[in-house]
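Undergrad: My questions will all concern the structure given below.
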Amino acid sequence: MKITSINPVNGQPIKTYTTLTEQQIAEKIEQTHTAWLSWKKTSHQQRRTLMNRLAAIVRERKDELAVLMANEMGKPVKQGLAEAEKCALTCEYYAANGEGFLADQLIETEASKSYASFQPIGIVLAVMPWNFPLFQVFRFLAPALIAGNCGVLKHASNVPGCALVIEEMIIQAGFPAHVFQTLLIGSSQVEKIIENPHIKAVTLTGSTNAGMSVASKAGAMLKKVVLELGGSDAYVVLADADLENAAEVCVTSRLTNSGQSCIAAKRFVVEESVIEEFTSLFLQKMKDQVMGNPLDINTDVGPQSRADLRDELHAQVVKSIEKGAVCILGGEIPEGDNAYYPPTILTNVLPGMTGYEEELFGPVASIISAKDENDAIRIANDSIFGLGSAVFTQDIAKGERIAATALEAGSAFVNQRVQSDPRLPFGGIKTSGYGRELGGFGILEFVNIKTVYIQ
Ligand code: NAP
């Protein structure tokens, strides 16, 4: 089977790769298992040194990495540079804190000594998406390797160059051979890998359908899974919000990564007394964003990653309009052999419309009117997803109460857009998945929490 990367700016093929055969996959997993038998015995000091070296290499190569992402999936280079920096910070964060997170925890019992110790489990299979082609992988690999695990990566088929350069940088940093390997394969080859006895756990970031498929197989094999899936994050804008700031933050969030972020705001639930003013500010700021070639440092919005996904997004927009939504910006496919889609705003969005019910994975905003605060919270929670959420109000105590107790999501921010941070746990509820990445919680997902009891 072949995998071809395609530049979404012009539809031109970049490079074609041959996927691994079943036998080649099995051999690579065997190599990684052998590597793990030694890697699990390495000291924290050794792992820390290598992880910090990896961070330095990512920084040294950041320009090249940003261009690679721009070419393979259309990420504007200024965002690609920021993504590379975040990968480096994540490596440094786990290098600095891994030993502390994994330190034995003494527990008082009748024993002369009893404690929880955190042991590596083996090889973790990572199935990853194209939207943050570096960071999604780094936020899995940094804690995994620091914990003494090994990893094999099945990356999205449109970013094979990114998948290979990650492995290359790990080798360049001096990690022992095979502790991390990229497997260039199609999604139909994943099930067989999950069956391999050396694979001890699976982490998947991607769509809900992919999550269900991989989790079913892993469940049948009794292997632990962490799932980071889709989202339709609601940002609640209350009547007492600083509307100028709210509109600014909402636009930034909606257009991050040209709209293709799981934690991009997708639904804007606005109290009716301020919806007109908010919509007008939001519209102006959406218009100010520059759509263009991702290699241009001034570009805010690049093409979508693939033309077929752009077409699916457009179909969702059309369906919403057919059901009564009003398109006040964008909504048309530009001419030419490319994957561009312009910043688009749908107003009058109601239940039953795709803009209300489904994830819009591109630069399309759904503005939804709410009668009051309680109605806004009800609408925000009226979703199958539960990844991120935010509330805008100048009453900080009220904002905190709503964020902490009312919004059904894995994270809730007040007067700020949802962002991942290596220090904070990240993940969702409902069909947005389960388990957590990042922070101290993330590193403990794939360890054996072992009780040690000494009489
Ligand atoms: P996707 O189509 O689900 O692909 C994600 C990964 O899963 C790719 O490597 C893909 O391989 C693989 N895959 C797809 N179907 C599979 C199956 N049945 N069995 C095994 N592997 C399978 O998702 P995407 O289009 O790349 O990414 C967009 C989705 O990811 C959105 O829904 C977004 O919200 C979500 N996402 C979530 C987070 C989060 O942290 N919660 C972060 C980023 C993105 P192929 O490329 O070969 O098909």
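Within each chain, counting starts at residue 1; across the structure tokens, chains are named A, B, ... in the order shown, with ligands numbered 1 upward in that order.
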Show me, as JSON lines, the residues of chain A having an atom within 9 Å of ligand 1, each with the closest atom pair and its distance in Å, using only C-alpha atoms and all ligand atoms.

TA:
```
{"residue": "A:Ile3", "atom": "CA", "partner": "ligand 1", "partner_atom_place_in_ligand_line": "47 (O)", "distance": 8.6}
{"residue": "A:Ala126", "atom": "CA", "partner": "ligand 1", "partner_atom_place_in_ligand_line": "9 (O)", "distance": 8.6}
{"residue": "A:Val127", "atom": "CA", "partner": "ligand 1", "partner_atom_place_in_ligand_line": "9 (O)", "distance": 5.0}
{"residue": "A:Met128", "atom": "CA", "partner": "ligand 1", "partner_atom_place_in_ligand_line": "9 (O)", "distance": 4.5}
{"residue": "A:Pro129", "atom": "CA", "partner": "ligand 1", "partner_atom_place_in_ligand_line": "26 (O)", "distance": 3.7}
{"residue": "A:Trp130", "atom": "CA", "partner": "ligand 1", "partner_atom_place_in_ligand_line": "26 (O)", "distance": 5.0}
{"residue": "A:Asn131", "atom": "CA", "partner": "ligand 1", "partner_atom_place_in_ligand_line": "43 (C)", "distance": 6.1}
{"residue": "A:Phe132", "atom": "CA", "partner": "ligand 1", "partner_atom_place_in_ligand_line": "43 (C)", "distance": 6.8}
{"residue": "A:Gln136", "atom": "CA", "partner": "ligand 1", "partner_atom_place_in_ligand_line": "42 (C)", "distance": 7.0}
{"residue": "A:Leu153", "atom": "CA", "partner": "ligand 1", "partner_atom_place_in_ligand_line": "9 (O)", "distance": 8.8}
{"residue": "A:Lys154", "atom": "CA", "partner": "ligand 1", "partner_atom_place_in_ligand_line": "9 (O)", "distance": 5.8}
{"residue": "A:His155", "atom": "CA", "partner": "ligand 1", "partner_atom_place_in_ligand_line": "9 (O)", "distance": 4.4}
{"residue": "A:Ala156", "atom": "CA", "partner": "ligand 1", "partner_atom_place_in_ligand_line": "46 (O)", "distance": 3.3}
{"residue": "A:Ser157", "atom": "CA", "partner": "ligand 1", "partner_atom_place_in_ligand_line": "46 (O)", "distance": 3.9}
{"residue": "A:Asn158", "atom": "CA", "partner": "ligand 1", "partner_atom_place_in_ligand_line": "46 (O)", "distance": 6.3}
{"residue": "A:Val159", "atom": "CA", "partner": "ligand 1", "partner_atom_place_in_ligand_line": "46 (O)", "distance": 8.2}
{"residue": "A:Ile185", "atom": "CA", "partner": "ligand 1", "partner_atom_place_in_ligand_line": "47 (O)", "distance": 7.1}
{"residue": "A:Gly186", "atom": "CA", "partner": "ligand 1", "partner_atom_place_in_ligand_line": "47 (O)", "distance": 4.5}
{"residue": "A:Ser187", "atom": "CA", "partner": "ligand 1", "partner_atom_place_in_ligand_line": "21 (N)", "distance": 4.1}
{"residue": "A:Ser188", "atom": "CA", "partner": "ligand 1", "partner_atom_place_in_ligand_line": "19 (N)", "distance": 6.0}
{"residue": "A:Gln189", "atom": "CA", "partner": "ligand 1", "partner_atom_place_in_ligand_line": "20 (C)", "distance": 7.4}
{"residue": "A:Val190", "atom": "CA", "partner": "ligand 1", "partner_atom_place_in_ligand_line": "20 (C)", "distance": 5.2}
{"residue": "A:Glu191", "atom": "CA", "partner": "ligand 1", "partner_atom_place_in_ligand_line": "20 (C)", "distance": 6.8}
{"residue": "A:Leu204", "atom": "CA", "partner": "ligand 1", "partner_atom_place_in_ligand_line": "7 (O)", "distance": 6.8}
{"residue": "A:Thr205", "atom": "CA", "partner": "ligand 1", "partner_atom_place_in_ligand_line": "37 (C)", "distance": 5.1}
{"residue": "A:Gly206", "atom": "CA", "partner": "ligand 1", "partner_atom_place_in_ligand_line": "30 (O)", "distance": 3.1}
{"residue": "A:Ser207", "atom": "CA", "partner": "ligand 1", "partner_atom_place_in_ligand_line": "3 (O)", "distance": 3.6}
{"residue": "A:Thr208", "atom": "CA", "partner": "ligand 1", "partner_atom_place_in_ligand_line": "32 (O)", "distance": 6.2}
{"residue": "A:Asn209", "atom": "CA", "partner": "ligand 1", "partner_atom_place_in_ligand_line": "3 (O)", "distance": 6.4}
{"residue": "A:Ala210", "atom": "CA", "partner": "ligand 1", "partner_atom_place_in_ligand_line": "15 (N)", "distance": 4.0}
{"residue": "A:Gly211", "atom": "CA", "partner": "ligand 1", "partner_atom_place_in_ligand_line": "3 (O)", "distance": 7.0}
{"residue": "A:Met212", "atom": "CA", "partner": "ligand 1", "partner_atom_place_in_ligand_line": "18 (N)", "distance": 7.9}
{"residue": "A:Ser213", "atom": "CA", "partner": "ligand 1", "partner_atom_place_in_ligand_line": "18 (N)", "distance": 5.1}
{"residue": "A:Val214", "atom": "CA", "partner": "ligand 1", "partner_atom_place_in_ligand_line": "19 (N)", "distance": 5.4}
{"residue": "A:Leu227", "atom": "CA", "partner": "ligand 1", "partner_atom_place_in_ligand_line": "41 (N)", "distance": 7.3}
{"residue": "A:Glu228", "atom": "CA", "partner": "ligand 1", "partner_atom_place_in_ligand_line": "41 (N)", "distance": 3.5}
{"residue": "A:Leu229", "atom": "CA", "partner": "ligand 1", "partner_atom_place_in_ligand_line": "41 (N)", "distance": 3.9}
{"residue": "A:Gly230", "atom": "CA", "partner": "ligand 1", "partner_atom_place_in_ligand_line": "34 (O)", "distance": 3.1}
{"residue": "A:Gly231", "atom": "CA", "partner": "ligand 1", "partner_atom_place_in_ligand_line": "34 (O)", "distance": 5.1}
{"residue": "A:Ser232", "atom": "CA", "partner": "ligand 1", "partner_atom_place_in_ligand_line": "34 (O)", "distance": 7.9}
{"residue": "A:Gln260", "atom": "CA", "partner": "ligand 1", "partner_atom_place_in_ligand_line": "33 (C)", "distance": 7.3}
{"residue": "A:Ser261", "atom": "CA", "partner": "ligand 1", "partner_atom_place_in_ligand_line": "43 (C)", "distance": 5.9}
{"residue": "A:Cys262", "atom": "CA", "partner": "ligand 1", "partner_atom_place_in_ligand_line": "34 (O)", "distance": 3.5}
{"residue": "A:Ile263", "atom": "CA", "partner": "ligand 1", "partner_atom_place_in_ligand_line": "39 (C)", "distance": 7.1}
{"residue": "A:Ala264", "atom": "CA", "partner": "ligand 1", "partner_atom_place_in_ligand_line": "34 (O)", "distance": 8.7}
{"residue": "A:Leu309", "atom": "CA", "partner": "ligand 1", "partner_atom_place_in_ligand_line": "25 (O)", "distance": 7.8}
{"residue": "A:Glu359", "atom": "CA", "partner": "ligand 1", "partner_atom_place_in_ligand_line": "32 (O)", "distance": 7.1}
{"residue": "A:Leu360", "atom": "CA", "partner": "ligand 1", "partner_atom_place_in_ligand_line": "32 (O)", "distance": 8.8}
{"residue": "A:Phe361", "atom": "CA", "partner": "ligand 1", "partner_atom_place_in_ligand_line": "31 (C)", "distance": 6.5}
{"residue": "A:Leu387", "atom": "CA", "partner": "ligand 1", "partner_atom_place_in_ligand_line": "41 (N)", "distance": 6.7}
{"residue": "A:Ser420", "atom": "CA", "partner": "ligand 1", "partner_atom_place_in_ligand_line": "40 (O)", "distance": 8.8}
{"residue": "A:Phe426", "atom": "CA", "partner": "ligand 1", "partner_atom_place_in_ligand_line": "40 (O)", "distance": 7.4}
{"residue": "A:Gly427", "atom": "CA", "partner": "ligand 1", "partner_atom_place_in_ligand_line": "41 (N)", "distance": 6.2}
{"residue": "A:Gly428", "atom": "CA", "partner": "ligand 1", "partner_atom_place_in_ligand_line": "41 (N)", "distance": 6.7}
{"residue": "A:Ser432", "atom": "CA", "partner": "ligand 1", "partner_atom_place_in_ligand_line": "41 (N)", "distance": 6.2}
{"residue": "A:Gly433", "atom": "CA", "partner": "ligand 1", "partner_atom_place_in_ligand_line": "41 (N)", "distance": 7.1}
{"residue": "A:Glu437", "atom": "CA", "partner": "ligand 1", "partner_atom_place_in_ligand_line": "40 (O)", "distance": 8.4}
```

Undergrad: When you look at region 102-110 of chain A with a cut-off of 8 Å (counting only C-alpha atoms), what residues show up, excluding the ones that are within fewer than 5 positions of it in the same chain? I need them as a ChimeraX atom specification.

TA: /A:115-118,147,444

Undergrad: Restricting it to N, CA, C and O atoms, dump the selection as a PDB file, in the first residue's frame.

TA:
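The file below, again04.pdb, is the result:
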```
ATOM      1  N   TYR A 115       4.083   0.950  50.269  1.00  0.00           N
ATOM      2  CA  TYR A 115       4.065   2.119  49.384  1.00  0.00           C
ATOM      3  C   TYR A 115       3.560   1.752  47.992  1.00  0.00           C
ATOM      4  O   TYR A 115       3.499   0.584  47.621  1.00  0.00           O
ATOM      5  N   ALA A 116       3.212   2.826  47.238  1.00  0.00           N
ATOM      6  CA  ALA A 116       2.864   2.663  45.829  1.00  0.00           C
ATOM      7  C   ALA A 116       4.098   3.032  45.026  1.00  0.00           C
ATOM      8  O   ALA A 116       4.714   4.081  45.263  1.00  0.00           O
ATOM      9  N   SER A 117       4.476   2.150  44.117  1.00  0.00           N
ATOM     10  CA  SER A 117       5.600   2.487  43.228  1.00  0.00           C
ATOM     11  C   SER A 117       5.086   2.471  41.787  1.00  0.00           C
ATOM     12  O   SER A 117       4.091   1.806  41.484  1.00  0.00           O
ATOM     13  N   PHE A 118       5.722   3.226  40.937  1.00  0.00           N
ATOM     14  CA  PHE A 118       5.203   3.441  39.579  1.00  0.00           C
ATOM     15  C   PHE A 118       6.163   2.833  38.569  1.00  0.00           C
ATOM     16  O   PHE A 118       7.255   3.357  38.343  1.00  0.00           O
ATOM     17  N   ALA A 147       8.799   7.829  31.733  1.00  0.00           N
ATOM     18  CA  ALA A 147       8.320   6.797  32.669  1.00  0.00           C
ATOM     19  C   ALA A 147       8.976   5.444  32.434  1.00  0.00           C
ATOM     20  O   ALA A 147       8.696   4.480  33.148  1.00  0.00           O
ATOM     21  N   LEU A 444       0.842   9.209  34.704  1.00  0.00           N
ATOM     22  CA  LEU A 444       0.423   8.039  35.492  1.00  0.00           C
ATOM     23  C   LEU A 444      -0.571   7.140  34.750  1.00  0.00           C
ATOM     24  O   LEU A 444      -0.924   6.068  35.238  1.00  0.00           O
TER      25      LEU A 444
END
```

Undergrad: Check the smallest atom-to-atom distance from each of A:Asp337, A:Glu271, A:Glu167, A:Asp296 to Asn7 (chain A) using only C-alpha atoms, then report the winner.

TA: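 The answer is A:Asp337, which sits nearest to Asn7 (chain A).
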
Undergrad: Check the smallest atom-to-atom distance from each of A:Leu346, A:Ala365, A:Arg254, A:Val236 to Val391 (chain A) using only C-alpha atoms, then report the winner.

TA: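 Under the stated criterion, the closest residue is A:Val236.
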
Undergrad: If we count only C-alpha atoms, what is near Thr34 (chain A) at a cut-off of 10 Å, once residues fewer than 5 positions away on the same chain are taken out, given as a ChimeraX atom specification?

TA: /A:28-29,39,177-179,198

Undergrad: Would you write out those residues with N, CA, C and O atoms, as a PDB file, in the first residue's frame?

TA:
```
ATOM      1  N   LYS A  28       9.513  -4.753  13.795  1.00  0.00           N
ATOM      2  CA  LYS A  28       9.788  -3.476  14.469  1.00  0.00           C
ATOM      3  C   LYS A  28       9.292  -3.514  15.918  1.00  0.00           C
ATOM      4  O   LYS A  28       9.964  -3.002  16.825  1.00  0.00           O
ATOM      5  N   ILE A  29       8.151  -4.121  16.128  1.00  0.00           N
ATOM      6  CA  ILE A  29       7.632  -4.193  17.508  1.00  0.00           C
ATOM      7  C   ILE A  29       8.556  -5.075  18.365  1.00  0.00           C
ATOM      8  O   ILE A  29       8.827  -4.771  19.525  1.00  0.00           O
ATOM      9  N   TRP A  39      15.713  -0.209  28.371  1.00  0.00           N
ATOM     10  CA  TRP A  39      15.272   1.180  28.647  1.00  0.00           C
ATOM     11  C   TRP A  39      14.594   1.288  30.020  1.00  0.00           C
ATOM     12  O   TRP A  39      14.773   2.253  30.742  1.00  0.00           O
ATOM     13  N   ALA A 177      18.568   2.861  20.312  1.00  0.00           N
ATOM     14  CA  ALA A 177      17.840   2.455  19.093  1.00  0.00           C
ATOM     15  C   ALA A 177      16.518   1.798  19.453  1.00  0.00           C
ATOM     16  O   ALA A 177      16.441   1.019  20.415  1.00  0.00           O
ATOM     17  N   HIS A 178      15.494   2.158  18.699  1.00  0.00           N
ATOM     18  CA  HIS A 178      14.175   1.505  18.709  1.00  0.00           C
ATOM     19  C   HIS A 178      13.298   1.798  19.920  1.00  0.00           C
ATOM     20  O   HIS A 178      12.223   1.221  20.042  1.00  0.00           O
ATOM     21  N   VAL A 179      13.731   2.666  20.846  1.00  0.00           N
ATOM     22  CA  VAL A 179      12.815   2.929  21.978  1.00  0.00           C
ATOM     23  C   VAL A 179      11.543   3.621  21.477  1.00  0.00           C
ATOM     24  O   VAL A 179      10.488   3.541  22.098  1.00  0.00           O
ATOM     25  N   HIS A 198       3.270  -7.645  22.795  1.00  0.00           N
ATOM     26  CA  HIS A 198       4.218  -6.645  23.331  1.00  0.00           C
ATOM     27  C   HIS A 198       3.588  -5.260  23.472  1.00  0.00           C
ATOM     28  O   HIS A 198       4.141  -4.390  24.131  1.00  0.00           O
TER      29      HIS A 198
END
```

Undergrad: Which residues are close to Ser366 (chain A), i.e. within 8 Å by only C-alpha atoms, leaving aside same-chain residues fewer than 6 positions away? Reply as a ChimeraX atom specification.

TA: /A:266-268,345-347,349,355-356

Undergrad: If you count only C-alpha atoms, which residues fall within 10 Å of Gly98 (chain A), apart from same-chain ones fewer than 3 positions away, as an NGL selection string?

TA: :A and (44 or 47-48 or 92-95 or 101-103 or 142-147 or 439-440 or 443)

Undergrad: Take the residues from that selection and write them out as a compact mmCIF listing (two decimals), in the first residue's frame, keeping all heavy atoms.

TA:
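What follows is the written file result.txt:
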```txt
# COMPACT_ATOMS: atom_id res chain seq x y z
N HIS A 44 16.69 7.85 36.08
CA HIS A 44 16.00 9.11 35.75
C HIS A 44 16.99 10.10 35.16
O HIS A 44 16.65 10.86 34.26
CB HIS A 44 15.33 9.70 36.99
CG HIS A 44 14.04 9.03 37.30
ND1 HIS A 44 12.94 9.14 36.48
CD2 HIS A 44 13.67 8.22 38.32
CE1 HIS A 44 11.94 8.43 36.98
NE2 HIS A 44 12.36 7.85 38.10
N ARG A 47 17.48 9.40 31.46
CA ARG A 47 16.29 9.77 30.66
C ARG A 47 16.16 11.28 30.57
O ARG A 47 15.81 11.84 29.53
CB ARG A 47 15.01 9.17 31.28
CG ARG A 47 14.99 7.66 31.24
CD ARG A 47 13.72 7.13 31.90
NE ARG A 47 13.94 5.77 32.39
CZ ARG A 47 13.17 5.16 33.28
NH1 ARG A 47 12.11 5.77 33.77
NH2 ARG A 47 13.44 3.93 33.67
N ARG A 48 16.44 11.94 31.70
CA ARG A 48 16.33 13.41 31.75
C ARG A 48 17.28 14.06 30.74
O ARG A 48 16.92 14.96 29.99
CB ARG A 48 16.65 13.86 33.18
CG ARG A 48 16.44 15.32 33.42
CD ARG A 48 16.35 15.68 34.89
NE ARG A 48 17.31 15.01 35.74
CZ ARG A 48 17.00 14.26 36.80
NH1 ARG A 48 15.74 14.08 37.15
NH2 ARG A 48 17.93 13.67 37.50
N GLU A 92 11.01 19.38 28.25
CA GLU A 92 11.71 19.92 29.43
C GLU A 92 10.88 19.77 30.70
O GLU A 92 11.41 19.51 31.77
CB GLU A 92 12.05 21.40 29.19
CG GLU A 92 13.17 21.54 28.16
CD GLU A 92 13.33 22.96 27.63
OE1 GLU A 92 12.45 23.80 27.87
OE2 GLU A 92 14.32 23.21 26.95
N TYR A 93 9.57 19.91 30.54
CA TYR A 93 8.68 19.79 31.70
C TYR A 93 8.77 18.37 32.28
O TYR A 93 8.92 18.18 33.49
CB TYR A 93 7.24 20.11 31.29
CG TYR A 93 6.24 19.83 32.36
CD1 TYR A 93 6.10 20.70 33.45
CD2 TYR A 93 5.46 18.68 32.33
CE1 TYR A 93 5.19 20.42 34.46
CE2 TYR A 93 4.55 18.41 33.33
CZ TYR A 93 4.42 19.28 34.38
OH TYR A 93 3.53 18.99 35.39
N TYR A 94 8.69 17.37 31.40
CA TYR A 94 8.75 16.00 31.92
C TYR A 94 10.16 15.62 32.36
O TYR A 94 10.33 14.83 33.29
CB TYR A 94 8.17 15.00 30.91
CG TYR A 94 6.65 14.99 30.99
CD1 TYR A 94 5.88 15.54 29.97
CD2 TYR A 94 6.01 14.48 32.11
CE1 TYR A 94 4.50 15.56 30.06
CE2 TYR A 94 4.62 14.50 32.21
CZ TYR A 94 3.87 15.04 31.18
OH TYR A 94 2.49 15.07 31.29
N ALA A 95 11.17 16.20 31.70
CA ALA A 95 12.54 15.94 32.15
C ALA A 95 12.71 16.47 33.58
O ALA A 95 13.30 15.81 34.44
CB ALA A 95 13.53 16.62 31.20
N PHE A 101 7.09 12.94 39.83
CA PHE A 101 5.78 12.31 39.61
C PHE A 101 5.83 10.81 39.88
O PHE A 101 4.84 10.21 40.26
CB PHE A 101 5.33 12.50 38.15
CG PHE A 101 4.97 13.91 37.79
CD1 PHE A 101 5.27 14.41 36.52
CD2 PHE A 101 4.31 14.75 38.67
CE1 PHE A 101 4.92 15.70 36.16
CE2 PHE A 101 3.96 16.04 38.32
CZ PHE A 101 4.27 16.52 37.06
N LEU A 102 7.01 10.22 39.62
CA LEU A 102 7.11 8.75 39.70
C LEU A 102 7.76 8.29 41.01
O LEU A 102 8.07 7.11 41.16
CB LEU A 102 7.93 8.24 38.50
CG LEU A 102 7.30 8.57 37.13
CD1 LEU A 102 8.30 8.30 36.00
CD2 LEU A 102 6.04 7.75 36.90
N ALA A 103 7.95 9.21 41.94
CA ALA A 103 8.58 8.83 43.22
C ALA A 103 7.63 7.94 44.02
O ALA A 103 6.41 8.12 43.97
CB ALA A 103 8.91 10.09 44.01
N ALA A 142 6.86 12.22 25.41
CA ALA A 142 7.70 12.72 26.50
C ALA A 142 7.38 12.01 27.82
O ALA A 142 8.29 11.44 28.46
CB ALA A 142 7.57 14.24 26.62
N PRO A 143 6.11 11.98 28.27
CA PRO A 143 5.86 11.25 29.52
C PRO A 143 6.11 9.75 29.39
O PRO A 143 6.58 9.10 30.33
CB PRO A 143 4.38 11.54 29.82
CG PRO A 143 3.79 12.04 28.55
CD PRO A 143 4.90 12.67 27.77
N ALA A 144 5.82 9.18 28.20
CA ALA A 144 5.99 7.73 28.04
C ALA A 144 7.46 7.34 28.23
O ALA A 144 7.80 6.44 29.01
CB ALA A 144 5.49 7.28 26.67
N LEU A 145 8.36 8.05 27.54
CA LEU A 145 9.78 7.68 27.62
C LEU A 145 10.34 8.00 29.00
O LEU A 145 11.15 7.24 29.55
CB LEU A 145 10.59 8.39 26.52
CG LEU A 145 10.26 7.97 25.08
CD1 LEU A 145 11.12 8.73 24.07
CD2 LEU A 145 10.41 6.47 24.87
N ILE A 146 9.92 9.12 29.58
CA ILE A 146 10.41 9.47 30.92
C ILE A 146 9.98 8.41 31.95
O ILE A 146 10.71 8.11 32.90
CB ILE A 146 9.91 10.89 31.32
CG1 ILE A 146 10.71 11.96 30.58
CG2 ILE A 146 9.95 11.11 32.81
CD1 ILE A 146 12.15 12.18 31.05
N ALA A 147 8.80 7.83 31.73
CA ALA A 147 8.32 6.80 32.67
C ALA A 147 8.98 5.44 32.43
O ALA A 147 8.70 4.48 33.15
CB ALA A 147 6.80 6.67 32.55
N GLY A 439 0.64 16.99 32.39
CA GLY A 439 0.72 17.15 33.84
C GLY A 439 1.11 15.84 34.52
O GLY A 439 1.53 14.87 33.90
N GLY A 440 0.94 15.83 35.83
CA GLY A 440 1.24 14.62 36.60
C GLY A 440 0.23 13.52 36.33
O GLY A 440 0.56 12.33 36.41
N ILE A 443 1.20 11.32 33.05
CA ILE A 443 2.29 10.33 33.10
C ILE A 443 1.86 9.07 33.85
O ILE A 443 2.42 7.99 33.66
CB ILE A 443 3.58 10.96 33.70
CG1 ILE A 443 4.81 10.13 33.33
CG2 ILE A 443 3.48 11.15 35.19
CD1 ILE A 443 6.14 10.82 33.63
```

Undergrad: Have a look at A:Ala339, A:Val318, A:Val270, A:Ile25 and name the one nearest to Ala380 (chain A); count only C-alpha atoms.

TA: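 Distance minimum relative to Ala380 (chain A) lands on A:Val270.
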
Undergrad: Run DSSP on the backbone of this structure and report the residues of region 361-393 of chain A it assigns to helix (DSSP H, G or I), as a list in words.

TA: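 So the helix (DSSP H, G or I) residues in region 361-393 of chain A would be Glu373, Asn374, Asp375, Ala376, Ile377, Arg378, Ile379, Ala380 and Asn381 of chain A.
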
Undergrad: How would the residues just picked look written out with N, CA and C atoms as a short mmCIF file (atom, residue, chain, number, x, y, z; two decimals), in the first residue's frame?

TA:
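Writing the result to again_29.cif gives the following:
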```cif
data_model
loop_
_atom_site.label_atom_id
_atom_site.label_comp_id
_atom_site.auth_asym_id
_atom_site.auth_seq_id
_atom_site.Cartn_x
_atom_site.Cartn_y
_atom_site.Cartn_z
N GLU A 373 -28.48 33.41 31.79
CA GLU A 373 -27.32 32.60 32.21
C GLU A 373 -27.66 31.10 32.26
N ASN A 374 -28.78 30.76 32.89
CA ASN A 374 -29.11 29.34 33.03
C ASN A 374 -29.36 28.69 31.67
N ASP A 375 -30.01 29.45 30.79
CA ASP A 375 -30.28 28.93 29.45
C ASP A 375 -28.96 28.73 28.70
N ALA A 376 -28.03 29.66 28.89
CA ALA A 376 -26.73 29.56 28.21
C ALA A 376 -25.98 28.31 28.67
N ILE A 377 -26.03 28.05 29.97
CA ILE A 377 -25.34 26.85 30.49
C ILE A 377 -26.03 25.59 29.95
N ARG A 378 -27.36 25.63 29.92
CA ARG A 378 -28.09 24.47 29.39
C ARG A 378 -27.68 24.18 27.94
N ILE A 379 -27.61 25.25 27.13
CA ILE A 379 -27.25 25.06 25.71
C ILE A 379 -25.79 24.57 25.59
N ALA A 380 -24.92 25.17 26.38
CA ALA A 380 -23.50 24.76 26.33
C ALA A 380 -23.38 23.26 26.61
N ASN A 381 -24.18 22.77 27.55
CA ASN A 381 -24.09 21.35 27.93
C ASN A 381 -24.92 20.44 27.03
#
```

Undergrad: May I have all residues of region 211-439 of chain A that DSSP, computed from the backbone, assigns to strand (DSSP E), given as a PyMOL selection string?

TA: chain A and resi 224-228+233-237+265-271+326-329+344-347+364-370+385-386+389-392+413-414+429-430+433-434

Undergrad: Which one is closest to Ile328 (chain A): A:Ile297, A:Met286, A:Cys162, A:Ala201? Count only C-alpha atoms.

TA: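 Checking each candidate against Ile328 (chain A), we get A:Met286 as the closest.
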
Undergrad: Find the residue from A:Gln394, A:Gln172, A:Thr405, A:Gln119 that sits nearest to Ala246 (chain A); use only C-alpha atoms when measuring.

TA: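 Smallest separation from Ala246 (chain A) among the options: A:Gln394.
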
Undergrad: Determine the nearest neighbour of Glu272 (chain A) from the options A:Gln304, A:Thr182, A:Asn293, A:Ser369, counting only C-alpha atoms.

TA: A:Ser369
